[in-house]
>>> print(open('work-v7.csv').read())   # CSV, C-alpha atoms
chain,number,residue,atom,x,y,z
I,1,MET,CA,0.0,0.0,0.0
I,2,GLN,CA,1.4,3.4,-1.0
I,3,ASN,CA,0.2,5.4,2.0
I,4,ILE,CA,-1.2,3.3,4.8
I,5,GLU,CA,-1.5,6.3,7.2
I,6,LYS,CA,-3.7,8.1,4.7
I,7,THR,CA,-5.8,5.1,4.3
I,8,ILE,CA,-6.3,4.7,8.0
I,9,GLN,CA,-7.3,8.4,8.3
I,10,SER,CA,-9.8,8.0,5.5
I,11,ILE,CA,-11.3,5.0,7.2
I,12,LEU,CA,-11.6,6.9,10.5
I,13,LYS,CA,-13.5,9.7,8.7
I,14,LYS,CA,-16.1,7.2,7.6
I,15,PHE,CA,-16.8,6.4,11.3
I,16,GLU,CA,-17.0,10.1,12.1
I,17,GLU,CA,-19.9,10.7,9.7
I,18,PRO,CA,-23.1,11.1,11.8
I,19,ASP,CA,-26.0,8.8,11.3
I,20,ASP,CA,-28.8,9.7,13.7
I,21,TYR,CA,-30.5,6.3,13.4
I,22,GLU,CA,-27.3,4.3,14.3
I,23,LYS,CA,-26.1,3.4,17.8
I,24,ARG,CA,-23.0,1.9,16.2
I,25,LYS,CA,-21.4,2.1,12.8
I,26,ILE,CA,-20.7,-0.7,10.3
I,27,VAL,CA,-18.5,0.1,7.3
I,28,PHE,CA,-17.9,-2.4,4.4
I,29,TRP,CA,-14.7,-2.2,2.4
I,30,TYR,CA,-14.5,-4.4,-0.7
I,31,ASP,CA,-10.8,-4.1,-1.7
I,32,LYS,CA,-11.1,-5.6,-5.2
I,33,ASP,CA,-8.0,-3.7,-6.3
I,34,LYS,CA,-6.0,-5.3,-3.6
I,35,THR,CA,-4.7,-2.0,-2.1
I,36,VAL,CA,-3.8,-3.9,1.1
I,37,ASP,CA,-0.7,-5.8,0.0
I,38,THR,CA,0.2,-7.9,3.0
I,39,GLU,CA,-1.2,-9.3,6.3
I,40,GLU,CA,1.1,-6.9,8.1
I,41,GLU,CA,-0.6,-3.9,6.6
I,42,LEU,CA,-4.0,-5.3,7.5
I,43,GLU,CA,-2.8,-5.9,11.0
I,44,GLU,CA,-1.5,-2.3,11.2
I,45,ILE,CA,-5.0,-1.0,10.2
I,46,ARG,CA,-6.6,-3.3,12.7
I,47,ILE,CA,-4.4,-1.9,15.6
I,48,ALA,CA,-5.0,1.7,14.6
I,49,LEU,CA,-8.8,1.2,14.5
I,50,ALA,CA,-8.8,-0.6,17.9
I,51,GLU,CA,-6.8,2.2,19.5
I,52,ASN,CA,-9.2,4.8,18.2
I,53,GLU,CA,-11.6,6.3,20.8
I,54,LYS,CA,-14.5,4.6,19.0
I,55,HIS,CA,-12.7,1.2,19.4
I,56,ILE,CA,-13.4,0.0,15.9
I,57,LYS,CA,-13.1,-3.7,15.2
I,58,LEU,CA,-11.8,-5.1,11.9
I,59,HIS,CA,-13.5,-8.2,10.7
I,60,ALA,CA,-12.2,-10.0,7.6
I,61,LEU,CA,-14.9,-11.2,5.1
I,62,ASN,CA,-13.7,-14.0,2.9
I,63,ASN,CA,-16.6,-16.4,2.0
I,64,ASN,CA,-17.5,-16.5,5.7
I,65,PHE,CA,-20.9,-14.9,5.2
I,66,PHE,CA,-22.9,-16.8,7.8
I,67,GLU,CA,-20.2,-16.2,10.5
I,68,THR,CA,-20.2,-12.5,9.6
I,69,LYS,CA,-24.0,-12.2,9.7
I,70,LYS,CA,-24.2,-14.0,13.0
I,71,LEU,CA,-21.4,-11.8,14.5
I,72,LEU,CA,-23.1,-8.5,13.5
I,73,GLU,CA,-26.7,-9.4,14.2
I,74,HIS,CA,-26.4,-11.8,17.2
I,75,ASP,CA,-23.0,-12.0,18.9
I,76,ASP,CA,-22.0,-8.4,19.0
I,77,LYS,CA,-24.7,-5.8,18.3
I,78,GLY,CA,-23.0,-2.8,19.9
I,79,SER,CA,-19.4,-2.5,18.5
I,80,ASN,CA,-18.3,-0.4,15.5
I,81,TYR,CA,-17.0,-2.6,12.7
I,82,LEU,CA,-14.9,-2.3,9.5
I,83,ILE,CA,-15.8,-5.4,7.4
I,84,TYR,CA,-12.9,-5.9,5.1
I,85,SER,CA,-13.0,-8.1,2.0
I,86,PRO,CA,-10.1,-8.7,-0.4
I,87,GLN,CA,-12.7,-9.6,-3.1
I,88,ALA,CA,-15.2,-7.7,-5.2
I,89,GLU,CA,-18.7,-7.3,-3.9
I,90,ARG,CA,-21.1,-10.0,-5.0
I,91,GLU,CA,-24.2,-9.3,-7.1
I,92,ASN,CA,-27.3,-8.5,-5.0
I,93,GLN,CA,-28.9,-11.9,-5.6
I,94,SER,CA,-26.0,-13.8,-4.2
I,95,ASN,CA,-24.9,-11.3,-1.5
I,96,TRP,CA,-25.9,-12.8,1.9
I,97,LEU,CA,-25.0,-9.5,3.7
I,98,LEU,CA,-27.0,-7.2,1.5
I,99,ASP,CA,-29.6,-6.5,4.2
I,100,ILE,CA,-26.9,-5.3,6.5
I,101,GLN,CA,-25.2,-3.2,3.9
I,102,LEU,CA,-28.4,-1.4,3.2
I,103,TYR,CA,-28.1,0.3,6.6
I,104,SER,CA,-24.3,0.4,6.7
I,105,SER,CA,-21.7,2.6,5.0
I,106,ARG,CA,-19.1,1.9,2.3
I,107,PHE,CA,-15.4,2.7,2.1
I,108,GLU,CA,-13.4,2.7,-1.1
I,109,ASN,CA,-9.6,2.9,-1.6
I,110,SER,CA,-8.9,2.8,-5.3
I,111,LYS,CA,-8.2,4.9,-8.3
I,112,ILE,CA,-12.0,5.1,-9.0
I,113,SER,CA,-12.7,6.3,-5.5
I,114,ASP,CA,-10.1,9.0,-5.9
I,115,ILE,CA,-11.6,10.1,-9.2
I,116,LYS,CA,-15.1,10.2,-7.6
I,117,CYS,CA,-13.9,12.1,-4.7
I,118,GLU,CA,-12.1,14.7,-6.9
I,119,ILE,CA,-15.1,15.2,-9.2
I,120,GLY,CA,-17.7,15.0,-6.5
I,121,ILE,CA,-19.6,11.9,-7.6
I,122,GLU,CA,-21.8,10.3,-5.0
I,123,GLY,CA,-23.1,6.7,-5.0
I,124,TYR,CA,-21.9,3.7,-7.0
I,125,ASP,CA,-24.0,3.9,-10.2
I,126,LEU,CA,-21.2,5.1,-12.4
I,127,ASP,CA,-18.4,2.9,-11.0
I,128,ARG,CA,-18.4,0.4,-13.9
I,129,PHE,CA,-18.5,3.3,-16.4
I,130,LEU,CA,-15.5,4.9,-14.7
I,131,GLU,CA,-13.6,1.6,-14.5
I,132,LYS,CA,-14.2,1.2,-18.3
I,133,HIS,CA,-12.8,4.6,-19.0
I,134,VAL,CA,-10.2,4.8,-16.2
I,135,LYS,CA,-7.4,5.6,-18.7
I,136,PHE,CA,-9.1,8.9,-19.5
I,137,PHE,CA,-8.5,10.1,-16.0
I,138,ALA,CA,-4.8,9.3,-15.9
I,139,LYS,CA,-4.0,13.0,-16.3
I,140,ASN,CA,-5.1,15.4,-13.5
I,141,LYS,CA,-6.0,18.1,-16.1
I,142,ARG,CA,-8.7,15.9,-17.6
I,143,VAL,CA,-10.1,15.2,-14.2
I,144,SER,CA,-10.3,18.9,-13.3
I,145,ASP,CA,-11.9,19.7,-16.7
I,146,ILE,CA,-14.6,17.1,-16.1
I,147,LYS,CA,-15.1,18.5,-12.7
I,148,LYS,CA,-16.0,21.9,-14.2
I,149,LEU,CA,-18.7,20.3,-16.4
I,150,TYR,CA,-20.0,17.7,-14.1
I,151,ASN,CA,-23.6,17.7,-12.9
I,152,PRO,CA,-24.8,15.3,-10.1
I,153,ASP,CA,-27.8,14.4,-12.4
I,154,TRP,CA,-25.5,12.8,-15.0
I,155,LYS,CA,-26.1,9.3,-16.1
I,156,GLU,CA,-23.7,7.4,-18.4
I,157,ASP,CA,-24.9,9.1,-21.6
I,158,LYS,CA,-24.3,12.5,-20.2
I,159,PHE,CA,-20.9,11.4,-18.9
I,160,VAL,CA,-19.9,10.3,-22.4
I,161,LEU,CA,-20.8,13.8,-23.6
I,162,GLY,CA,-18.6,15.2,-20.8
I,163,LEU,CA,-15.6,13.1,-21.8
I,164,LEU,CA,-16.1,14.1,-25.4
I,165,ALA,CA,-16.5,17.8,-24.5
I,166,VAL,CA,-13.1,17.7,-22.6
I,167,LEU,CA,-11.4,16.0,-25.6
I,168,THR,CA,-12.8,18.5,-28.1
I,169,LYS,CA,-12.2,21.5,-25.7
I,170,SER,CA,-15.9,22.3,-25.8
I,171,PRO,CA,-17.2,24.7,-23.1
I,172,THR,CA,-20.4,22.7,-22.5
I,173,ILE,CA,-21.7,19.2,-23.3
I,174,ASP,CA,-23.7,20.6,-26.3
I,175,GLN,CA,-23.5,18.0,-29.1
I,176,ARG,CA,-23.1,20.7,-31.8
I,177,ASP,CA,-20.1,22.2,-30.1
I,178,ILE,CA,-18.5,18.7,-29.7
I,179,VAL,CA,-19.0,17.7,-33.3
I,180,ARG,CA,-18.0,21.1,-34.7
I,181,ASN,CA,-14.8,21.2,-32.7
I,182,LEU,CA,-14.0,17.6,-33.8
I,183,LEU,CA,-14.6,18.1,-37.6
I,184,ILE,CA,-12.7,21.4,-37.7
I,185,VAL,CA,-9.5,19.5,-36.9
I,186,SER,CA,-9.8,17.1,-39.9
I,187,LEU,CA,-12.3,15.0,-41.8
I,188,ASP,CA,-9.7,12.3,-42.1
I,189,GLU,CA,-9.6,10.1,-39.0
I,190,LYS,CA,-5.9,9.4,-39.5
I,191,ASP,CA,-5.1,13.1,-39.3
I,192,ASN,CA,-7.5,14.0,-36.6
I,193,THR,CA,-5.7,14.0,-33.2
I,194,ILE,CA,-9.0,14.4,-31.3
I,195,TRP,CA,-10.4,11.3,-33.0
I,196,SER,CA,-7.3,9.4,-32.1
I,197,ASP,CA,-8.0,10.2,-28.4
I,198,ILE,CA,-11.7,9.2,-28.9
I,199,GLU,CA,-10.5,5.8,-30.1
I,200,ARG,CA,-7.7,5.6,-27.4
I,201,PHE,CA,-10.2,6.1,-24.6
I,202,GLY,CA,-12.9,3.8,-25.9
I,203,LEU,CA,-15.4,6.5,-26.8
I,204,VAL,CA,-16.1,5.7,-30.5
I,205,GLU,CA,-19.3,3.8,-29.7
I,206,GLY,CA,-20.5,6.6,-27.4
I,207,PHE,CA,-19.8,9.2,-30.1
I,208,ARG,CA,-21.6,7.3,-32.8
I,209,THR,CA,-24.6,6.8,-30.5
I,210,MET,CA,-24.7,10.5,-29.8
I,211,VAL,CA,-24.7,11.5,-33.5
I,212,SER,CA,-27.3,8.9,-34.3
I,213,ARG,CA,-29.7,10.2,-31.6
I,214,HIS,CA,-29.1,13.9,-31.9
I,215,PHE,CA,-28.3,14.3,-35.7
I,216,GLY,CA,-30.0,11.2,-37.1
I,217,TYR,CA,-26.8,10.1,-38.8
I,218,SER,CA,-26.0,6.4,-39.0
I,219,SER,CA,-24.1,4.3,-41.5
I,220,GLU,CA,-22.9,0.8,-41.9
I,221,HIS,CA,-19.4,2.2,-42.4
I,222,PRO,CA,-19.5,5.6,-40.6
I,223,THR,CA,-16.7,8.1,-41.2
I,224,LEU,CA,-16.2,11.8,-40.2
I,225,LYS,CA,-16.3,12.7,-43.9
I,226,LYS,CA,-19.7,11.0,-44.3
I,227,LEU,CA,-21.0,12.7,-41.2
I,228,PHE,CA,-19.9,16.1,-42.5
I,229,LEU,CA,-21.6,15.4,-45.9
I,230,SER,CA,-24.8,14.4,-44.1
I,231,PHE,CA,-24.8,17.9,-42.4
I,232,ILE,CA,-24.3,19.6,-45.8
I,233,ILE,CA,-27.1,17.6,-47.4
I,234,THR,CA,-29.5,18.3,-44.5
I,235,HIS,CA,-28.6,22.0,-44.6
I,236,ILE,CA,-29.2,22.3,-48.4
I,237,PHE,CA,-32.5,20.4,-48.1
I,238,ARG,CA,-33.8,22.5,-45.3
I,239,ASN,CA,-32.9,25.7,-47.1
I,240,ILE,CA,-34.6,24.6,-50.4
I,241,MET,CA,-37.8,23.7,-48.5
I,242,THR,CA,-37.7,27.0,-46.7
I,243,TYR,CA,-37.2,28.8,-50.0
I,244,PHE,CA,-40.1,27.0,-51.7
I,245,HIS,CA,-42.3,27.6,-48.7
I,246,LYS,CA,-41.7,31.4,-48.8
I,247,PHE,CA,-41.9,31.5,-52.6
I,248,SER,CA,-45.2,29.7,-52.7
I,249,LYS,CA,-46.8,32.4,-50.5
I,250,VAL,CA,-46.4,35.1,-53.1
I,251,LEU,CA,-47.8,33.0,-56.0
I,252,PRO,CA,-51.5,32.4,-56.9
I,253,HIS,CA,-52.9,29.5,-55.0
I,254,HIS,CA,-53.1,27.1,-57.9
I,255,LEU,CA,-49.5,27.6,-58.8
I,256,SER,CA,-48.2,27.3,-55.3
I,257,ARG,CA,-50.0,23.9,-55.0
I,258,GLU,CA,-48.3,22.8,-58.2
I,259,ILE,CA,-44.8,23.8,-56.9
I,260,CYS,CA,-45.3,22.1,-53.5
I,261,VAL,CA,-46.5,18.9,-55.2
>>> encode(input="work-v7.csv", output="structure tokens")
Amino acid sequence: MQNIEKTIQSILKKFEEPDDYEKRKIVFWYDKDKTVDTEEELEEIRIALAENEKHIKLHALNNNFFETKKLLEHDDKGSNYLIYSPQAERENQSNWLLDIQLYSSRFENSKISDIKCEIGIEGYDLDRFLEKHVKFFAKNKRVSDIKKLYNPDWKEDKFVLGLLAVLTKSPTIDQRDIVRNLLIVSLDEKDNTIWSDIERFGLVEGFRTMVSRHFGYSSEHPTLKKLFLSFIITHIFRNIMTYFHKFSKVLPHHLSREICV
């Protein structure tokens, strides 16, 4: 572990968060990234928690679900507990401790938790999305740029727009700004540095979904050049229809009907 003291302080902060309905606090830590490297580090955490004024107990969770459930709900109903697991959390349908977790808290100690903390993301709905695009957040500059755009209401589709807005240096997550700033660079994917980043960070599918939904563009073999041409054709068509609509108003009724037909 890079900084065990920092980890211990972060754990202790979780036990300081007030919950009016609790007489004691239970915190679950699913350390799927294996940030605790050795038994010695885990023991150091155990000692630090026990010496704290809240006398927090560390209990290791490793397929001993019945034992853990019995401990928390029967044997010891009054102590504060950090439940540590070196494995990823199970799916709800196979998680025997889900009912306890619903009234407990969570601790995270990973790159994803650092990203969430920096941006201000609450909850766990975006965890898988962030893990999928973790390479994007390797640079602090991109993290701070996303933070400026981020809204707590964002779901995955809006977060994709946020990532694209950062790459295209767009001031908002407006689709028109994103596409315009991308196409200005080059219509040839090989020469477009922004498109290279979109590919590198796994955002191609998200970009194509965006242009399909917002601009109605889809193709069996989509390219930036085809996307640009679709805008040109749409623009020409709309202007022609506007012209004929205005022109028909100044003609006799029978002629305007012929033109429109």
>>> atom_distance(input="work-v7.csv", atom1="CA of Glu16 in chain I", atom2="CA of Lys57 in chain I")
14.7 Å
>>> atom_distance(input="work-v7.csv", atom1="CA of Tyr30 in chain I", atom2="CA of Ile119 in chain I")
21.4 Å
>>> closest_atom_pairs(input="work-v7.csv", of="range 169-209 of chain I", to="range 146-156 of chain I", cutoff="9 Å", atoms="all atoms listed in the file", output="JSON lines")
{"residue": "I:Pro171", "atom": "CA", "partner": "I:Leu149", "partner_atom": "CA", "distance": 8.2}
{"residue": "I:Thr172", "atom": "CA", "partner": "I:Leu149", "partner_atom": "CA", "distance": 6.8}
{"residue": "I:Ile173", "atom": "CA", "partner": "I:Leu149", "partner_atom": "CA", "distance": 7.6}
>>> closest_residue(input="work-v7.csv", among="I:Leu227, I:Leu167, I:Ile178, I:Leu12", to="Leu82 in chain I", atoms="all atoms listed in the file")
I:Leu12
>>> closest_residue(input="work-v7.csv", among="I:Trp29, I:Phe207, I:Ser212, I:Ala138", to="Val179 in chain I", atoms="only C-alpha atoms")
I:Phe207
>>> residues_near_point(input="work-v7.csv", point="(-28.0, -7.5, 16.1)", cutoff="12 Å", atoms="only C-alpha atoms", output="ChimeraX atom specification")
/I:22-24,26,68-79,100
>>> residues_around(input="work-v7.csv", residues="Tyr81 in chain I", least_positions_apart="5", cutoff="8 Å", atoms="all atoms listed in the file", output="list in words")
Lys25, Ile26, Val27, Ile56, Lys57, Leu58 and His59 of chain I
>>> closest_residue(input="work-v7.csv", among="I:Glu189, I:Glu51, I:Glu89, I:Glu41", to="Val204 in chain I", atoms="all atoms listed in the file")
I:Glu189
>>> atom_distance(input="work-v7.csv", atom1="CA of Ser144 in chain I", atom2="CA of Ser10 in chain I")
21.7 Å
